[in-house]
Amino acid sequence: MDEQPKSIWKRSRRLPHWLRAWLWVSGATFLALIVISQFLPGGPRHALEWLVALALFMGASGVIAAIFMAIWRFLRWLCCGRNFKRFLFILACFTTLIALFYAEEDWRGGHAWNQFKSEQEAKGEKFDFKDFVPTPVPDDQNFALAPVVASSYAAMLDKSGHEIKPRNTNVVNRLQFNLVNEVTKHDLVNNGFGSDGPTNRGNWFLAQKADLREWQNYFRWLATKTNEFPVSPQPQSPAEDLLLALSKFDPVVGELRAAASLPASRFPLEYDKADPAAILLPHLAAMKRSALFLQLRAIAELQNGQIENAFDDVKLSLRLAAAIRTEPFIISQLVRLAILQITLQPVWEGLAAHRWSDAQLAALDAELAKLDFLADYEFTIRSEPAFHFRLIDYLEQKRSRYQEFVSLFSNNNEHDAEVLNQFPAYVLFYLAPKGWFAQNKIGLVQMRQQWDAPIMDDARQTVSPKMALANEAAHSKLSRSPFNFFARLEGFLNNYAQKIARGQTEVNLARVAIALERFRRARGNFPESLDALAPQFLKKIPHDVIGGRPLHYRRTEDGQFVLYSVGWNETDDGGVVETKAAGATDQRSETSTWDFKQGDWVWRYPKVE
């Protein structure tokens with residue numbers, strides 16, 4: 001007798017064993033997550049928090065269980081002898097492919113770099129950082145080794161430039177020139193001064209003379225707290241009171257002036273350091289700080305009628321800038337530019353007040369004529385890739401130094417630093433073939449060449465802001481390929497090109513202003529045009545660095561003049577200086593209110609009252 005088939009509703013149904021295992025693992029993980037959440041300080045406590053947490057726990061449990069099951073299935077599969085042999089064969093093939101990939105990429109990158117290097121060296125390029133290191137000079141002729149100058153770095157570096165560890169705490173930095181007493185620093189703001197003391201030094205960019213009354217008030221107030229600075233019993237003129245206070249440093253300035261008479265300068269730096277980014281440059285801050293001190297003293301001397309002393313201090317300040325000229329670092333050139341801008345304040349004030357003699361004006365022009373920032377730009381823009389090549393080799397030899405590489409970007413581009421800190425970039429750096437590092441060197445040179453002749457024409461003494469801005473835009477769109485890792489280090493070059501152009505323009509404006517003052521002294525008034533200055537007062541009249549056309553000049557109704565370059569926007573704005581905040585006249589900052597990218601770069605004097 002045939003049996004009737006059972007109803008499908010009565011059939012027993014069993015889940016696949018893998019699904020049951022997955023459910024068991026998911027459930028166990030889910031419960032574990034709930035228990036763990038109770039011990040976390042920020043765990044769910046309210047109904048809404050539990051609803052969200054349970055949903056997340058369920059999803060996470062499913063994923064964790066799936067990973068566990070995949071590993072379990074793979075291990076079971078691998079336990080079979082035949083499968084194990086297959087796995088070993090596949091693994092060997094995969095390993096071979098990876099080895100071939102690395103070998104090919106290393107060869108390709110190395111070959112491309114060697115070929116590119118040979119071609120460029122045939123054109124006169126240099127890629128060894130040693131080729132840019134300044135040549136040694138005799139110790140007895142070296143400004144940088146004079147005891148007063150050496151005190152600025154001797155706590156960190158020995159005379160060979162090697163780092164001293166631990167620091168030599170017995171060394172006193174005599175070029176510190178601290179004008180703010182640390183003991184009373186917390187009282188400064190409460191007494192009407194800035195947090196770092198008085199900052200009113202004038203602002204020649206905005207045609208503002210220094211007002212020394214704030215400094216006078218500061219030192220007289222300080223005398224009620226400490227006897228660190230000499231002060232007269234009764235108030236004198238602001239300049240006299242300031243000079244008396246600054247006389248504390250007269251011995252140091254005397255030694256510095258004697259050192260400045262030495263014909264050469266080469267600071268002992270560790271140029272052969274394996275990590276070039278770790279080369280210490282403590283002397284740069286000392287040079288700038290000394291220039292700030294000399295600026296203040298020269299202004300006070302001018303206002304006090306001590307013109308010869310002011311002239312000597314201005315020359316000494318320019319000597320500080322010259323002392324670091326041959327260093328192959330962009331930061332050194334930026335400090336030189338800063339020292340120039342600092343030094344031009346007393347030069348400008350002396351011209352505005354007609355204090356300089358003709359002989360002094362001729363000597364100042366001779367000193368300024370030595371400054372060629374466009375040539376210095378070309379030197380540093382060529383040394384920068386060589387510097388980075390050593391950095392690339394240093395990082396490639398030990399990939400764990402990756403964070404040192406990322407930290408370089410944090411100083412120039414925080415966004416790039418953030419991207420490089422992400423996991424994919426981190427892994428790529430560690431796993432990249434050596435040949436990719438070599439190809440980065442090619443990218444660096446090509447990037448540098450974009451910022452060279454097309455922007456700075458040293459022969460014609462011109463700068464192209466359009467090319468600089470185009471390069472900046474191209475750099476911002478630079479692909480994030482492994483061959484451009486280090487090319488992104490060059491993102492700051494647009495600002496550097498602008499600062500170099502501005503520095504050379506400031507030199508040219510100052511030289512023409514000096515010639516105009518010499519003309520006024522000889523003829524009684526300023527000329528109708530700049531052509532009248534040559535050849536008696538200027539052998540050749542400097543042109544506008546931006547575009548190469550003549551500088552703009554006109555006399556004003558009050559007997560003064562306006563002299564200007566068209567500036568970074570390449571537009572003649574009629575000698576108008578643009579500020580970052582409309583109507584800003586903040587004298588507490590030397591440059592912060594001038595918008596260098598807009599308006600003209602102007603040399604003018606305050607209106608005659």
# chains A, B, ... in the order shown; residues from 1 in each chain; ligands from 1
$ residues_around --residues "Leu302 in chain A" --least-positions-apart "6" --cutoff "10 Å" --atoms "only C-alpha atoms" --output "PyMOL selection string"
chain A and resi 239+308-311+346-347+349-350+353+355-356
$ residues_around --residues "range 327-329 of chain A" --least-positions-apart "6" --cutoff "12 Å" --atoms "only C-alpha atoms" --output "VMD selection string"
chain A and resid 129 to 136 265 to 271 276 to 277 279 to 281 283 to 284 321 335 to 336 376 to 388 496
$ write_last_selection --atoms "N, CA and C atoms" --output "JSON list (two decimals), in the first residue's frame"
[["chain", "number", "residue", "atom", "x", "y", "z"],
["A", 129, "PHE", "N", 73.84, 68.22, -1.99],
["A", 129, "PHE", "CA", 73.69, 69.34, -1.06],
["A", 129, "PHE", "C", 75.05, 69.94, -0.69],
["A", 130, "LYS", "N", 76.11, 69.14, -0.74],
["A", 130, "LYS", "CA", 77.44, 69.64, -0.41],
["A", 130, "LYS", "C", 77.87, 70.76, -1.36],
["A", 131, "ASP", "N", 77.34, 70.74, -2.59],
["A", 131, "ASP", "CA", 77.71, 71.76, -3.56],
["A", 131, "ASP", "C", 77.16, 73.14, -3.20],
["A", 132, "PHE", "N", 76.20, 73.18, -2.29],
["A", 132, "PHE", "CA", 75.59, 74.46, -1.91],
["A", 132, "PHE", "C", 76.04, 74.94, -0.53],
["A", 133, "VAL", "N", 76.83, 74.13, 0.15],
["A", 133, "VAL", "CA", 77.33, 74.50, 1.46],
["A", 133, "VAL", "C", 78.40, 75.58, 1.31],
["A", 134, "PRO", "N", 78.33, 76.67, 2.08],
["A", 134, "PRO", "CA", 79.36, 77.72, 1.95],
["A", 134, "PRO", "C", 80.75, 77.20, 2.28],
["A", 135, "THR", "N", 81.72, 77.70, 1.58],
["A", 135, "THR", "CA", 83.10, 77.24, 1.78],
["A", 135, "THR", "C", 83.64, 77.73, 3.13],
["A", 136, "PRO", "N", 84.52, 76.95, 3.76],
["A", 136, "PRO", "CA", 85.10, 77.36, 5.05],
["A", 136, "PRO", "C", 85.90, 78.65, 4.91],
["A", 265, "SER", "N", 82.09, 85.53, 6.91],
["A", 265, "SER", "CA", 81.14, 85.00, 7.89],
["A", 265, "SER", "C", 80.65, 83.63, 7.42],
["A", 266, "ARG", "N", 80.82, 82.65, 8.28],
["A", 266, "ARG", "CA", 80.28, 81.31, 8.04],
["A", 266, "ARG", "C", 79.95, 80.68, 9.39],
["A", 267, "PHE", "N", 78.67, 80.58, 9.68],
["A", 267, "PHE", "CA", 78.27, 80.02, 10.96],
["A", 267, "PHE", "C", 78.51, 78.51, 10.95],
["A", 268, "PRO", "N", 79.00, 77.97, 12.08],
["A", 268, "PRO", "CA", 79.26, 76.52, 12.16],
["A", 268, "PRO", "C", 77.96, 75.74, 12.29],
["A", 269, "LEU", "N", 77.50, 75.19, 11.19],
["A", 269, "LEU", "CA", 76.26, 74.42, 11.16],
["A", 269, "LEU", "C", 76.59, 72.98, 10.75],
["A", 270, "GLU", "N", 75.77, 72.06, 11.18],
["A", 270, "GLU", "CA", 76.02, 70.64, 10.90],
["A", 270, "GLU", "C", 75.44, 70.27, 9.54],
["A", 271, "TYR", "N", 76.10, 70.75, 8.49],
["A", 271, "TYR", "CA", 75.60, 70.54, 7.13],
["A", 271, "TYR", "C", 75.58, 69.07, 6.74],
["A", 276, "PRO", "N", 68.61, 66.31, 7.35],
["A", 276, "PRO", "CA", 68.86, 67.73, 7.12],
["A", 276, "PRO", "C", 67.82, 68.61, 7.78],
["A", 277, "ALA", "N", 66.60, 68.09, 7.98],
["A", 277, "ALA", "CA", 65.57, 68.89, 8.62],
["A", 277, "ALA", "C", 65.88, 69.15, 10.09],
["A", 279, "ILE", "N", 68.90, 70.09, 11.17],
["A", 279, "ILE", "CA", 70.03, 71.02, 11.31],
["A", 279, "ILE", "C", 69.58, 72.22, 12.15],
["A", 280, "LEU", "N", 70.29, 72.50, 13.22],
["A", 280, "LEU", "CA", 69.92, 73.58, 14.12],
["A", 280, "LEU", "C", 70.40, 74.92, 13.57],
["A", 281, "LEU", "N", 69.54, 75.95, 13.68],
["A", 281, "LEU", "CA", 69.86, 77.28, 13.18],
["A", 281, "LEU", "C", 69.57, 78.33, 14.26],
["A", 283, "HIS", "N", 71.25, 80.73, 15.37],
["A", 283, "HIS", "CA", 71.81, 82.06, 15.14],
["A", 283, "HIS", "C", 70.84, 82.98, 14.42],
["A", 284, "LEU", "N", 69.86, 82.42, 13.70],
["A", 284, "LEU", "CA", 68.95, 83.26, 12.93],
["A", 284, "LEU", "C", 68.12, 84.15, 13.83],
["A", 321, "ALA", "N", 72.60, 91.09, 8.24],
["A", 321, "ALA", "CA", 71.91, 90.44, 7.12],
["A", 321, "ALA", "C", 72.91, 89.80, 6.18],
["A", 335, "VAL", "N", 64.92, 85.49, 6.87],
["A", 335, "VAL", "CA", 65.41, 86.29, 7.99],
["A", 335, "VAL", "C", 66.16, 87.51, 7.46],
["A", 336, "ARG", "N", 66.92, 87.35, 6.39],
["A", 336, "ARG", "CA", 67.61, 88.49, 5.78],
["A", 336, "ARG", "C", 66.59, 89.54, 5.32],
["A", 376, "ASP", "N", 69.82, 85.66, -4.99],
["A", 376, "ASP", "CA", 69.75, 84.79, -3.81],
["A", 376, "ASP", "C", 68.58, 83.82, -3.94],
["A", 377, "TYR", "N", 67.49, 84.27, -4.55],
["A", 377, "TYR", "CA", 66.34, 83.39, -4.79],
["A", 377, "TYR", "C", 66.75, 82.22, -5.67],
["A", 378, "GLU", "N", 67.46, 82.52, -6.74],
["A", 378, "GLU", "CA", 67.88, 81.46, -7.65],
["A", 378, "GLU", "C", 68.78, 80.44, -6.94],
["A", 379, "PHE", "N", 69.67, 80.95, -6.08],
["A", 379, "PHE", "CA", 70.57, 80.07, -5.34],
["A", 379, "PHE", "C", 69.79, 79.13, -4.42],
["A", 380, "THR", "N", 68.87, 79.69, -3.63],
["A", 380, "THR", "CA", 68.14, 78.86, -2.67],
["A", 380, "THR", "C", 67.11, 77.96, -3.35],
["A", 381, "ILE", "N", 66.56, 78.41, -4.47],
["A", 381, "ILE", "CA", 65.58, 77.58, -5.16],
["A", 381, "ILE", "C", 66.26, 76.38, -5.81],
["A", 382, "ARG", "N", 67.55, 76.48, -6.05],
["A", 382, "ARG", "CA", 68.32, 75.34, -6.56],
["A", 382, "ARG", "C", 68.82, 74.45, -5.42],
["A", 383, "SER", "N", 69.12, 75.06, -4.29],
["A", 383, "SER", "CA", 69.61, 74.26, -3.17],
["A", 383, "SER", "C", 68.49, 73.49, -2.48],
["A", 384, "GLU", "N", 67.26, 73.98, -2.60],
["A", 384, "GLU", "CA", 66.14, 73.35, -1.90],
["A", 384, "GLU", "C", 65.93, 71.89, -2.32],
["A", 385, "PRO", "N", 65.91, 71.55, -3.63],
["A", 385, "PRO", "CA", 65.77, 70.14, -4.00],
["A", 385, "PRO", "C", 66.91, 69.28, -3.47],
["A", 386, "ALA", "N", 68.15, 69.79, -3.51],
["A", 386, "ALA", "CA", 69.29, 69.02, -3.00],
["A", 386, "ALA", "C", 69.10, 68.74, -1.51],
["A", 387, "PHE", "N", 68.57, 69.72, -0.80],
["A", 387, "PHE", "CA", 68.26, 69.55, 0.61],
["A", 387, "PHE", "C", 67.21, 68.45, 0.79],
["A", 388, "HIS", "N", 66.18, 68.47, -0.05],
["A", 388, "HIS", "CA", 65.11, 67.48, 0.05],
["A", 388, "HIS", "C", 65.56, 66.10, -0.42],
["A", 496, "TYR", "N", 57.18, 82.64, -0.96],
["A", 496, "TYR", "CA", 58.61, 82.97, -0.99],
["A", 496, "TYR", "C", 58.92, 83.87, -2.17]]
$ residues_around --residues "Arg73 in chain A" --least-positions-apart "5" --cutoff "12 Å" --atoms "only C-alpha atoms" --output "PyMOL selection string"
chain A and resi 17-18+21-22+66-68+78-80
$ atom_distance --atom1 "CA of Leu318 in chain A" --atom2 "CA of Gly161 in chain A"
24.4 Å
$ select_by_dssp --residues "range 25-200 of chain A" --states "helix (DSSP H, G or I)" --output "ChimeraX atom specification"
/A:25-39,47-78,81-122,129-132,139-141,143-145,147-150,182-187,189-191
$ residues_around --residues "Thr579 in chain A" --least-positions-apart "4" --cutoff "6 Å" --atoms "only C-alpha atoms" --output "NGL selection string"
:A and (593-595)
$ residues_around --residues "range 253-256 of chain A" --least-positions-apart "4" --cutoff "10 Å" --atoms "only C-alpha atoms" --output "ChimeraX atom specification"
/A:143,146-149,174-175,247-249,260-261,290,293-294,313,316,320
$ write_last_selection --atoms "C-alpha atoms" --output "PDB file, in the first residue's frame"
ATOM      1  CA  PHE A 143      82.428  87.074  12.067  1.00  0.00           C
ATOM      2  CA  ALA A 146      83.670  86.094  17.335  1.00  0.00           C
ATOM      3  CA  PRO A 147      82.930  85.404  21.036  1.00  0.00           C
ATOM      4  CA  VAL A 148      79.926  87.731  21.241  1.00  0.00           C
ATOM      5  CA  VAL A 149      78.369  86.178  18.121  1.00  0.00           C
ATOM      6  CA  ARG A 174      74.789  88.012  24.884  1.00  0.00           C
ATOM      7  CA  LEU A 175      72.701  88.750  21.796  1.00  0.00           C
ATOM      8  CA  SER A 247      73.145 101.944  27.307  1.00  0.00           C
ATOM      9  CA  LYS A 248      73.101  98.784  29.405  1.00  0.00           C
ATOM     10  CA  PHE A 249      74.009  96.936  26.200  1.00  0.00           C
ATOM     11  CA  ALA A 260      81.434  93.101  12.065  1.00  0.00           C
ATOM     12  CA  SER A 261      84.775  94.416  10.826  1.00  0.00           C
ATOM     13  CA  SER A 290      69.960  92.139  17.264  1.00  0.00           C
ATOM     14  CA  PHE A 293      67.560  96.257  19.039  1.00  0.00           C
ATOM     15  CA  LEU A 294      69.728  98.288  16.646  1.00  0.00           C
ATOM     16  CA  ASP A 313      73.943 101.197  13.870  1.00  0.00           C
ATOM     17  CA  LEU A 316      75.858  97.211  11.602  1.00  0.00           C
ATOM     18  CA  LEU A 320      73.988  91.136  10.227  1.00  0.00           C
TER      19      LEU A 320
END
$ closest_residue --among "A:Ile442, A:Leu334, A:Tyr394, A:Pro482" --to "Ala497 in chain A" --atoms "only C-alpha atoms"
A:Leu334
$ residues_around --residues "Leu212 in chain A" --least-positions-apart "4" --cutoff "8 Å" --atoms "only C-alpha atoms" --output "CSV table (one decimal) with C-alpha atoms, in the first residue's frame"
chain,number,residue,atom,x,y,z
A,200,ASN,CA,55.8,101.0,18.8
A,201,ARG,CA,58.7,101.1,16.4
A,216,GLN,CA,60.0,106.1,27.7
A,238,PRO,CA,61.8,110.1,25.0
A,239,ALA,CA,64.9,109.6,22.9
A,242,LEU,CA,65.4,105.4,25.8
A,300,ALA,CA,66.4,107.1,19.2
$ closest_atom_pairs --of "range 342-440 of chain A" --to "range 507-515 of chain A" --cutoff "10 Å" --atoms "only C-alpha atoms" --output "Markdown table"
| residue | atom | partner | partner_atom | distance |
| --- | --- | --- | --- | --- |
| A:Leu344 | CA | A:Ala510 | CA | 7.8 |
| A:Val347 | CA | A:Ala510 | CA | 8.3 |
| A:Trp348 | CA | A:Ala510 | CA | 7.9 |
| A:Leu351 | CA | A:Ile514 | CA | 7.3 |
| A:Ala352 | CA | A:Ala513 | CA | 9.8 |
| A:Trp356 | CA | A:Ile514 | CA | 9.4 |
| A:Asp358 | CA | A:Ile514 | CA | 9.3 |
| A:Gln360 | CA | A:Ile514 | CA | 9.9 |
| A:Leu361 | CA | A:Ile514 | CA | 6.1 |
| A:Ala362 | CA | A:Ile514 | CA | 7.9 |
| A:Leu364 | CA | A:Ile514 | CA | 8.1 |
| A:Asp365 | CA | A:Arg511 | CA | 5.7 |
| A:Ala366 | CA | A:Arg511 | CA | 8.9 |
| A:Glu367 | CA | A:Arg511 | CA | 9.7 |
| A:Leu368 | CA | A:Val507 | CA | 6.3 |
| A:Ala369 | CA | A:Arg511 | CA | 7.6 |
| A:Lys370 | CA | A:Val507 | CA | 9.7 |
| A:Leu371 | CA | A:Val507 | CA | 7.4 |
| A:Asp372 | CA | A:Val507 | CA | 8.7 |
| A:Phe373 | CA | A:Val507 | CA | 9.1 |
$ closest_residue --among "A:Ser160, A:Asn494, A:Asn83, A:Ser407" --to "Lys466 in chain A" --atoms "only C-alpha atoms"
A:Asn494
